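Have a look at structure.txt below; it lists compact mmCIF, N, CA and C atoms.
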# COMPACT_ATOMS: atom_id res chain seq x y z
N VAL H 1361 101.87 77.16 82.84
CA VAL H 1361 100.63 77.41 83.54
C VAL H 1361 99.88 78.54 82.84
N GLN H 1362 98.63 78.28 82.57
CA GLN H 1362 97.77 79.33 82.01
C GLN H 1362 96.68 79.62 83.03
N LEU H 1363 96.43 80.92 83.23
CA LEU H 1363 95.44 81.34 84.20
C LEU H 1363 94.38 82.20 83.52
N GLN H 1364 93.17 82.05 83.97
CA GLN H 1364 92.09 82.88 83.45
C GLN H 1364 91.24 83.34 84.63
N ALA H 1365 91.20 84.65 84.83
CA ALA H 1365 90.39 85.23 85.89
C ALA H 1365 89.07 85.70 85.31
N PHE H 1366 88.01 85.47 86.05
CA PHE H 1366 86.69 85.93 85.61
C PHE H 1366 85.80 86.15 86.83
N GLY H 1367 84.66 86.77 86.57
CA GLY H 1367 83.71 87.01 87.65
C GLY H 1367 83.58 88.47 88.04
N GLY H 1368 84.35 89.34 87.40
CA GLY H 1368 84.23 90.75 87.71
C GLY H 1368 82.92 91.32 87.20
N GLY H 1369 82.69 92.58 87.56
CA GLY H 1369 81.47 93.23 87.12
C GLY H 1369 81.25 94.54 87.83
N LEU H 1370 80.06 95.05 87.68
CA LEU H 1370 79.66 96.31 88.31
C LEU H 1370 78.79 96.01 89.52
N VAL H 1371 79.14 96.59 90.66
CA VAL H 1371 78.39 96.35 91.88
C VAL H 1371 78.32 97.64 92.68
N GLN H 1372 77.28 97.79 93.45
CA GLN H 1372 77.15 98.96 94.30
C GLN H 1372 78.01 98.80 95.55
N ALA H 1373 78.39 99.91 96.12
CA ALA H 1373 79.15 99.89 97.37
C ALA H 1373 78.40 99.09 98.42
N GLY H 1374 79.13 98.26 99.13
CA GLY H 1374 78.53 97.39 100.12
C GLY H 1374 78.17 96.02 99.58
N GLY H 1375 78.24 95.87 98.28
CA GLY H 1375 77.89 94.60 97.66
C GLY H 1375 79.04 93.61 97.65
N SER H 1376 78.80 92.49 96.99
CA SER H 1376 79.77 91.40 96.95
C SER H 1376 79.98 90.91 95.53
N LEU H 1377 81.16 90.39 95.30
CA LEU H 1377 81.49 89.69 94.06
C LEU H 1377 82.40 88.53 94.40
N ARG H 1378 82.36 87.52 93.57
CA ARG H 1378 83.27 86.40 93.72
C ARG H 1378 84.06 86.23 92.44
N LEU H 1379 85.35 86.43 92.53
CA LEU H 1379 86.22 86.22 91.39
C LEU H 1379 86.70 84.77 91.39
N SER H 1380 86.89 84.26 90.20
CA SER H 1380 87.42 82.91 90.03
C SER H 1380 88.67 82.96 89.16
N CYS H 1381 89.56 82.04 89.41
CA CYS H 1381 90.78 81.93 88.62
C CYS H 1381 90.94 80.46 88.24
N ALA H 1382 90.84 80.19 86.96
CA ALA H 1382 90.97 78.82 86.46
C ALA H 1382 92.39 78.60 85.95
N ALA H 1383 92.99 77.51 86.37
CA ALA H 1383 94.38 77.23 85.99
C ALA H 1383 94.46 76.01 85.09
N SER H 1384 95.36 76.11 84.14
CA SER H 1384 95.70 74.97 83.29
C SER H 1384 97.19 74.71 83.48
N VAL H 1385 97.49 73.52 84.00
CA VAL H 1385 98.89 73.20 84.33
C VAL H 1385 99.30 71.97 83.55
N ARG H 1386 100.47 72.04 82.91
CA ARG H 1386 100.91 70.91 82.08
C ARG H 1386 102.00 70.09 82.72
N SER H 1387 103.13 70.73 83.02
CA SER H 1387 104.30 69.96 83.40
C SER H 1387 104.46 69.77 84.89
N ARG H 1388 103.73 70.51 85.68
CA ARG H 1388 103.84 70.40 87.13
C ARG H 1388 102.45 70.23 87.74
N SER H 1389 102.43 70.04 89.05
CA SER H 1389 101.15 69.95 89.74
C SER H 1389 100.67 71.34 90.15
N PHE H 1390 99.38 71.54 90.13
CA PHE H 1390 98.81 72.82 90.56
C PHE H 1390 99.19 73.13 92.00
N THR H 1391 99.38 72.11 92.80
CA THR H 1391 99.75 72.32 94.20
C THR H 1391 101.20 72.79 94.37
N ASP H 1392 101.95 72.87 93.30
CA ASP H 1392 103.30 73.45 93.39
C ASP H 1392 103.26 74.97 93.51
N TYR H 1393 102.08 75.55 93.28
CA TYR H 1393 102.01 77.00 93.13
C TYR H 1393 101.21 77.70 94.22
N THR H 1394 101.81 78.76 94.72
CA THR H 1394 101.07 79.77 95.47
C THR H 1394 100.32 80.63 94.45
N VAL H 1395 99.10 80.99 94.76
CA VAL H 1395 98.32 81.86 93.87
C VAL H 1395 98.05 83.18 94.57
N GLY H 1396 98.36 84.23 93.87
CA GLY H 1396 98.15 85.56 94.42
C GLY H 1396 97.11 86.33 93.63
N TRP H 1397 96.53 87.30 94.28
CA TRP H 1397 95.59 88.22 93.65
C TRP H 1397 96.19 89.62 93.72
N PHE H 1398 96.16 90.32 92.63
CA PHE H 1398 96.65 91.69 92.54
C PHE H 1398 95.58 92.52 91.84
N ARG H 1399 95.68 93.81 91.99
CA ARG H 1399 94.76 94.69 91.28
C ARG H 1399 95.49 95.94 90.84
N GLN H 1400 94.96 96.55 89.80
CA GLN H 1400 95.56 97.78 89.29
C GLN H 1400 94.45 98.72 88.86
N ALA H 1401 94.43 99.87 89.49
CA ALA H 1401 93.47 100.91 89.14
C ALA H 1401 94.12 101.85 88.13
N PRO H 1402 93.34 102.57 87.35
CA PRO H 1402 93.91 103.49 86.36
C PRO H 1402 94.84 104.50 87.00
N GLY H 1403 96.03 104.60 86.42
CA GLY H 1403 96.99 105.57 86.91
C GLY H 1403 97.73 105.17 88.17
N LYS H 1404 97.48 103.94 88.62
CA LYS H 1404 98.13 103.48 89.85
C LYS H 1404 98.97 102.24 89.57
N GLU H 1405 99.88 101.95 90.49
CA GLU H 1405 100.70 100.76 90.36
C GLU H 1405 99.92 99.51 90.75
N ARG H 1406 100.41 98.38 90.26
CA ARG H 1406 99.80 97.12 90.63
C ARG H 1406 99.95 96.90 92.13
N GLU H 1407 98.88 96.44 92.74
CA GLU H 1407 98.81 96.35 94.20
C GLU H 1407 98.47 94.93 94.62
N PHE H 1408 99.19 94.43 95.62
CA PHE H 1408 98.90 93.12 96.18
C PHE H 1408 97.56 93.15 96.91
N VAL H 1409 96.76 92.12 96.69
CA VAL H 1409 95.47 92.00 97.36
C VAL H 1409 95.48 90.85 98.36
N GLY H 1410 95.90 89.68 97.91
CA GLY H 1410 95.92 88.53 98.79
C GLY H 1410 96.62 87.36 98.11
N ALA H 1411 96.90 86.33 98.88
CA ALA H 1411 97.55 85.14 98.34
C ALA H 1411 97.14 83.93 99.15
N ILE H 1412 97.21 82.78 98.50
CA ILE H 1412 96.84 81.53 99.17
C ILE H 1412 97.90 80.49 98.86
N ASN H 1413 98.29 79.74 99.87
CA ASN H 1413 99.36 78.78 99.66
C ASN H 1413 98.85 77.53 98.95
N TRP H 1414 99.74 76.59 98.71
CA TRP H 1414 99.43 75.45 97.86
C TRP H 1414 98.25 74.62 98.37
N SER H 1415 98.11 74.50 99.68
CA SER H 1415 97.05 73.65 100.22
C SER H 1415 95.78 74.42 100.56
N GLY H 1416 95.90 75.73 100.58
CA GLY H 1416 94.76 76.53 101.00
C GLY H 1416 94.70 76.75 102.49
N SER H 1417 95.70 76.25 103.20
CA SER H 1417 95.68 76.35 104.66
C SER H 1417 96.12 77.72 105.16
N THR H 1418 96.79 78.47 104.30
CA THR H 1418 97.31 79.79 104.71
C THR H 1418 96.95 80.84 103.68
N THR H 1419 96.42 81.93 104.16
CA THR H 1419 96.11 83.07 103.30
C THR H 1419 96.68 84.33 103.91
N ILE H 1420 97.04 85.24 103.05
CA ILE H 1420 97.58 86.54 103.47
C ILE H 1420 96.87 87.61 102.67
N TYR H 1421 96.54 88.70 103.34
CA TYR H 1421 95.79 89.78 102.68
C TYR H 1421 96.43 91.12 102.95
N ALA H 1422 96.22 92.02 102.01
CA ALA H 1422 96.61 93.40 102.23
C ALA H 1422 95.71 93.99 103.32
N ASP H 1423 96.25 94.93 104.05
CA ASP H 1423 95.47 95.55 105.13
C ASP H 1423 94.18 96.18 104.61
N SER H 1424 94.23 96.67 103.39
CA SER H 1424 93.07 97.38 102.83
C SER H 1424 91.88 96.47 102.58
N VAL H 1425 92.11 95.16 102.50
CA VAL H 1425 91.02 94.23 102.21
C VAL H 1425 90.80 93.23 103.32
N LYS H 1426 91.66 93.24 104.31
CA LYS H 1426 91.57 92.25 105.40
C LYS H 1426 90.21 92.34 106.08
N GLY H 1427 89.60 91.19 106.30
CA GLY H 1427 88.28 91.15 106.92
C GLY H 1427 87.14 91.28 105.93
N ARG H 1428 87.44 91.66 104.70
CA ARG H 1428 86.40 91.81 103.67
C ARG H 1428 86.56 90.80 102.54
N PHE H 1429 87.81 90.46 102.23
CA PHE H 1429 88.10 89.54 101.12
C PHE H 1429 88.60 88.21 101.69
N THR H 1430 88.21 87.13 101.02
CA THR H 1430 88.65 85.80 101.43
C THR H 1430 88.99 84.98 100.19
N SER H 1431 90.17 84.37 100.22
CA SER H 1431 90.57 83.52 99.11
C SER H 1431 90.49 82.06 99.51
N SER H 1432 90.13 81.23 98.55
CA SER H 1432 90.09 79.78 98.76
C SER H 1432 90.50 79.10 97.46
N ARG H 1433 90.79 77.82 97.56
CA ARG H 1433 91.16 77.10 96.35
C ARG H 1433 90.63 75.68 96.38
N ASP H 1434 90.37 75.17 95.19
CA ASP H 1434 89.96 73.78 95.02
C ASP H 1434 90.98 73.14 94.08
N ASN H 1435 91.94 72.43 94.65
CA ASN H 1435 93.04 71.90 93.85
C ASN H 1435 92.57 70.83 92.87
N ALA H 1436 91.56 70.10 93.22
CA ALA H 1436 91.04 69.07 92.32
C ALA H 1436 90.49 69.70 91.03
N LYS H 1437 89.91 70.88 91.18
CA LYS H 1437 89.34 71.57 90.02
C LYS H 1437 90.32 72.59 89.43
N LYS H 1438 91.46 72.77 90.08
CA LYS H 1438 92.45 73.76 89.66
C LYS H 1438 91.82 75.16 89.60
N MET H 1439 91.12 75.49 90.66
CA MET H 1439 90.43 76.77 90.75
C MET H 1439 90.83 77.49 92.02
N VAL H 1440 90.91 78.81 91.92
CA VAL H 1440 91.13 79.66 93.08
C VAL H 1440 90.06 80.73 93.06
N TYR H 1441 89.59 81.10 94.24
CA TYR H 1441 88.49 82.05 94.34
C TYR H 1441 88.87 83.22 95.23
N LEU H 1442 88.27 84.35 94.94
CA LEU H 1442 88.41 85.53 95.81
C LEU H 1442 87.01 86.06 96.09
N GLN H 1443 86.53 85.82 97.28
CA GLN H 1443 85.24 86.34 97.70
C GLN H 1443 85.43 87.74 98.23
N MET H 1444 84.75 88.69 97.64
CA MET H 1444 84.91 90.09 98.01
C MET H 1444 83.58 90.61 98.56
N ASN H 1445 83.59 90.97 99.82
CA ASN H 1445 82.40 91.49 100.48
C ASN H 1445 82.62 92.93 100.89
N SER H 1446 81.53 93.61 101.20
CA SER H 1446 81.59 95.01 101.66
C SER H 1446 82.46 95.84 100.72
N LEU H 1447 82.19 95.73 99.45
CA LEU H 1447 83.01 96.41 98.46
C LEU H 1447 82.87 97.92 98.56
N ARG H 1448 83.96 98.58 98.26
CA ARG H 1448 84.04 100.04 98.34
C ARG H 1448 84.44 100.59 96.98
N PRO H 1449 84.11 101.84 96.70
CA PRO H 1449 84.52 102.42 95.42
C PRO H 1449 86.03 102.33 95.19
N GLU H 1450 86.81 102.41 96.25
CA GLU H 1450 88.27 102.33 96.09
C GLU H 1450 88.76 100.92 95.74
N ASP H 1451 87.87 99.94 95.75
CA ASP H 1451 88.24 98.60 95.29
C ASP H 1451 88.15 98.48 93.77
N THR H 1452 87.67 99.51 93.11
CA THR H 1452 87.57 99.49 91.67
C THR H 1452 88.94 99.34 91.02
N ALA H 1453 89.09 98.32 90.19
CA ALA H 1453 90.37 98.04 89.55
C ALA H 1453 90.21 96.83 88.63
N VAL H 1454 91.25 96.57 87.86
CA VAL H 1454 91.36 95.29 87.17
C VAL H 1454 92.06 94.33 88.12
N TYR H 1455 91.45 93.19 88.33
CA TYR H 1455 91.98 92.19 89.24
C TYR H 1455 92.63 91.06 88.46
N TYR H 1456 93.81 90.67 88.92
CA TYR H 1456 94.59 89.62 88.28
C TYR H 1456 94.86 88.49 89.26
N CYS H 1457 94.85 87.27 88.77
CA CYS H 1457 95.40 86.18 89.55
C CYS H 1457 96.75 85.81 88.94
N ALA H 1458 97.62 85.33 89.79
CA ALA H 1458 98.97 84.99 89.37
C ALA H 1458 99.45 83.77 90.14
N ALA H 1459 100.33 83.02 89.54
CA ALA H 1459 100.85 81.80 90.17
C ALA H 1459 102.36 81.83 90.18
N GLY H 1460 102.92 81.36 91.27
CA GLY H 1460 104.37 81.29 91.40
C GLY H 1460 104.76 80.23 92.40
N MET H 1461 105.95 79.71 92.23
CA MET H 1461 106.46 78.72 93.18
C MET H 1461 107.16 79.48 94.31
N ILE H 1462 106.32 80.02 95.18
CA ILE H 1462 106.79 80.88 96.26
C ILE H 1462 106.56 80.14 97.57
N HIS H 1463 107.63 79.91 98.30
CA HIS H 1463 107.51 79.13 99.53
C HIS H 1463 107.59 79.98 100.79
N ALA H 1464 108.15 81.15 100.67
CA ALA H 1464 108.25 82.03 101.83
C ALA H 1464 107.03 82.94 101.87
N LEU H 1465 106.25 82.80 102.92
CA LEU H 1465 105.01 83.58 103.01
C LEU H 1465 105.27 85.07 103.03
N THR H 1466 106.42 85.46 103.50
CA THR H 1466 106.75 86.89 103.53
C THR H 1466 106.98 87.44 102.14
N ALA H 1467 107.14 86.57 101.15
CA ALA H 1467 107.45 87.03 99.80
C ALA H 1467 106.23 87.12 98.89
N VAL H 1468 105.07 86.68 99.35
CA VAL H 1468 103.93 86.55 98.44
C VAL H 1468 103.39 87.89 97.95
N THR H 1469 103.79 88.98 98.59
CA THR H 1469 103.30 90.29 98.16
C THR H 1469 104.05 90.84 96.96
N ALA H 1470 105.15 90.23 96.59
CA ALA H 1470 106.02 90.74 95.53
C ALA H 1470 105.57 90.22 94.17
N HIS H 1471 105.02 91.08 93.35
CA HIS H 1471 104.46 90.61 92.07
C HIS H 1471 105.54 90.05 91.15
N ARG H 1472 106.80 90.47 91.32
CA ARG H 1472 107.86 89.99 90.44
C ARG H 1472 108.17 88.52 90.65
N LEU H 1473 107.71 87.94 91.76
CA LEU H 1473 107.98 86.54 92.03
C LEU H 1473 106.96 85.60 91.41
N TYR H 1474 105.94 86.15 90.82
CA TYR H 1474 104.91 85.33 90.18
C TYR H 1474 105.26 85.17 88.70
N ASP H 1475 105.30 83.96 88.26
CA ASP H 1475 105.74 83.68 86.89
C ASP H 1475 104.59 83.69 85.88
N TYR H 1476 103.39 83.45 86.34
CA TYR H 1476 102.26 83.30 85.42
C TYR H 1476 101.12 84.21 85.86
N TRP H 1477 100.51 84.86 84.88
CA TRP H 1477 99.45 85.83 85.15
C TRP H 1477 98.25 85.58 84.26
N GLY H 1478 97.08 85.78 84.85
CA GLY H 1478 95.86 85.75 84.07
C GLY H 1478 95.65 87.09 83.38
N GLN H 1479 94.60 87.20 82.60
CA GLN H 1479 94.40 88.38 81.77
C GLN H 1479 93.71 89.52 82.52
N GLY H 1480 93.18 89.27 83.69
CA GLY H 1480 92.54 90.33 84.46
C GLY H 1480 91.04 90.40 84.22
N THR H 1481 90.34 90.80 85.26
CA THR H 1481 88.89 90.99 85.17
C THR H 1481 88.53 92.30 85.87
N GLN H 1482 87.68 93.08 85.25
CA GLN H 1482 87.36 94.42 85.77
C GLN H 1482 86.33 94.33 86.89
N VAL H 1483 86.63 95.00 87.97
CA VAL H 1483 85.69 95.17 89.08
C VAL H 1483 85.42 96.66 89.24
N THR H 1484 84.17 97.03 89.17
CA THR H 1484 83.79 98.43 89.32
C THR H 1484 82.76 98.54 90.44
N VAL H 1485 83.07 99.36 91.42
CA VAL H 1485 82.18 99.55 92.57
C VAL H 1485 81.67 100.98 92.53
N SER H 1486 80.37 101.11 92.41
CA SER H 1486 79.76 102.44 92.34
C SER H 1486 79.35 102.90 93.73
N SER H 1487 79.43 104.20 93.91
CA SER H 1487 79.09 104.78 95.24
C SER H 1487 77.61 105.09 95.34
I'd like the structure from this file rewritten - as structure tokens, please.
Amino acid sequence: VQLQAFGGGLVQAGGSLRLSCAASVRSRSFTDYTVGWFRQAPGKEREFVGAINWSGSTTIYADSVKGRFTSSRDNAKKMVYLQMNSLRPEDTAVYYCAAGMIHALTAVTAHRLYDYWGQGTQVTVSS
């Protein structure tokens, strides 16, 4: 599985961005994978942002983004999206999408369970 995240940029506080994650899958179906979003700010550890299950019927978010961020997926296009609204300066980070065959929803926050990672896209929120 190859992933490519894009759509980051510079936005003012209170603004919105939509990140996209394009997947290329060879030996398995895209629906075999849970897709997660993580972010890493300079000098900080990688942080779970949200995840979406194989069908898109279930999403889980970190408390810090709940109510502001929404993930969705289009399996036919092998795309996953992260709509980010009401952005805050503390949301500034490099955002990554990742894919893993994770079936337990309680486990989706663990970055070590994701086997495939995109290259990351920078999101900068100015105050």
Which polymer residues, protein or nucleic acid, are no farther than 12 Å from (102.4, 68.5, 90.5), counting only C-alpha atoms, as a list in words?
->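 The distance filter leaves exactly Val1361, Ser1384, Val1385, Arg1386, Ser1387, Arg1388, Ser1389, Phe1390, Thr1391, Asp1392, Tyr1393, Trp1414, Asn1435, Ala1436, Lys1438 and Met1461 of chain H.
For the pair atom CA of Thr1452 of chain H and atom CA of Leu1465 of chain H, the separation is 26.2 Å.
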Give me the segment 1367-1449 of chain H side of the contact with segment 1474-1480 of chain H, cut-off 8 Å, one line per residue showing its nearest atom pair and distance in Å at one decimal, counting all atoms listed in the file, sorted by chain and residue number, as a Markdown table.
| residue | atom | partner | partner_atom | distance |
| --- | --- | --- | --- | --- |
| H:Gly1367 | N | H:Gly1480 | C | 7.7 |
| H:Gly1368 | N | H:Gly1480 | C | 7.5 |
| H:Cys1381 | CA | H:Gly1478 | CA | 7.8 |
| H:Thr1394 | C | H:Tyr1474 | CA | 7.8 |
| H:Gly1396 | N | H:Tyr1474 | CA | 7.6 |
Smallest atom-to-atom distance to Trp1397 of chain H: which of H:Tyr1456, H:Lys1437, H:Arg1472, H:Thr1430, using only N, CA and C atoms?
->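 Nearest candidate to Trp1397 of chain H out of H:Tyr1456, H:Lys1437, H:Arg1472, H:Thr1430: H:Tyr1456.
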Residue neighbourhood Ser1431 of chain H, 9 Å, only C-alpha atoms, exclusion window fewer than 5 positions, as a PyMOL selection string = chain H and resi 1397+1410-1412+1416+1419-1421+1440-1444
I need the residues from that last selection saved to file as an mmCIF file, in the coordinates of the input (with N, CA and C atoms), if you can.
data_model
loop_
_atom_site.group_PDB
_atom_site.id
_atom_site.type_symbol
_atom_site.label_atom_id
_atom_site.label_comp_id
_atom_site.auth_asym_id
_atom_site.auth_seq_id
_atom_site.Cartn_x
_atom_site.Cartn_y
_atom_site.Cartn_z
ATOM 1 N N TRP H 1397 96.530 87.300 94.280
ATOM 2 C CA TRP H 1397 95.590 88.220 93.650
ATOM 3 C C TRP H 1397 96.190 89.620 93.720
ATOM 4 N N GLY H 1410 95.900 89.680 97.910
ATOM 5 C CA GLY H 1410 95.920 88.530 98.790
ATOM 6 C C GLY H 1410 96.620 87.360 98.110
ATOM 7 N N ALA H 1411 96.900 86.330 98.880
ATOM 8 C CA ALA H 1411 97.550 85.140 98.340
ATOM 9 C C ALA H 1411 97.140 83.930 99.150
ATOM 10 N N ILE H 1412 97.210 82.780 98.500
ATOM 11 C CA ILE H 1412 96.840 81.530 99.170
ATOM 12 C C ILE H 1412 97.900 80.490 98.860
ATOM 13 N N GLY H 1416 95.900 75.730 100.580
ATOM 14 C CA GLY H 1416 94.760 76.530 101.000
ATOM 15 C C GLY H 1416 94.700 76.750 102.490
ATOM 16 N N THR H 1419 96.420 81.930 104.160
ATOM 17 C CA THR H 1419 96.110 83.070 103.300
ATOM 18 C C THR H 1419 96.680 84.330 103.910
ATOM 19 N N ILE H 1420 97.040 85.240 103.050
ATOM 20 C CA ILE H 1420 97.580 86.540 103.470
ATOM 21 C C ILE H 1420 96.870 87.610 102.670
ATOM 22 N N TYR H 1421 96.540 88.700 103.340
ATOM 23 C CA TYR H 1421 95.790 89.780 102.680
ATOM 24 C C TYR H 1421 96.430 91.120 102.950
ATOM 25 N N VAL H 1440 90.910 78.810 91.920
ATOM 26 C CA VAL H 1440 91.130 79.660 93.080
ATOM 27 C C VAL H 1440 90.060 80.730 93.060
ATOM 28 N N TYR H 1441 89.590 81.100 94.240
ATOM 29 C CA TYR H 1441 88.490 82.050 94.340
ATOM 30 C C TYR H 1441 88.870 83.220 95.230
ATOM 31 N N LEU H 1442 88.270 84.350 94.940
ATOM 32 C CA LEU H 1442 88.410 85.530 95.810
ATOM 33 C C LEU H 1442 87.010 86.060 96.090
ATOM 34 N N GLN H 1443 86.530 85.820 97.280
ATOM 35 C CA GLN H 1443 85.240 86.340 97.700
ATOM 36 C C GLN H 1443 85.430 87.740 98.230
ATOM 37 N N MET H 1444 84.750 88.690 97.640
ATOM 38 C CA MET H 1444 84.910 90.090 98.010
ATOM 39 C C MET H 1444 83.580 90.610 98.560
#
Calculate how many Å separate atom CA of Gln1400 of chain H from atom CA of His1463 of chain H, rounding to one decimal.
->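 Separation of atom CA of Gln1400 of chain H and atom CA of His1463 of chain H: 24.4 Å.
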Write out as a ChimeraX atom specification all residues of segment 1409-1485 of chain H that backbone DSSP assigns to helix (DSSP H, G or I).
-> /H:1449-1451,1465-1467,1471-1473
Atom N of Ser1415 of chain H to atom C of Gly1460 of chain H, straight-line distance in Å |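 Interatomic distance here is 11.4 Å.
For the choices H:Glu1407, H:Asn1445, H:Val1395, H:Gln1362, the atom-to-atom distance to Arg1378 of chain H is smallest for H:Asn1445 when using only N, CA and C atoms.
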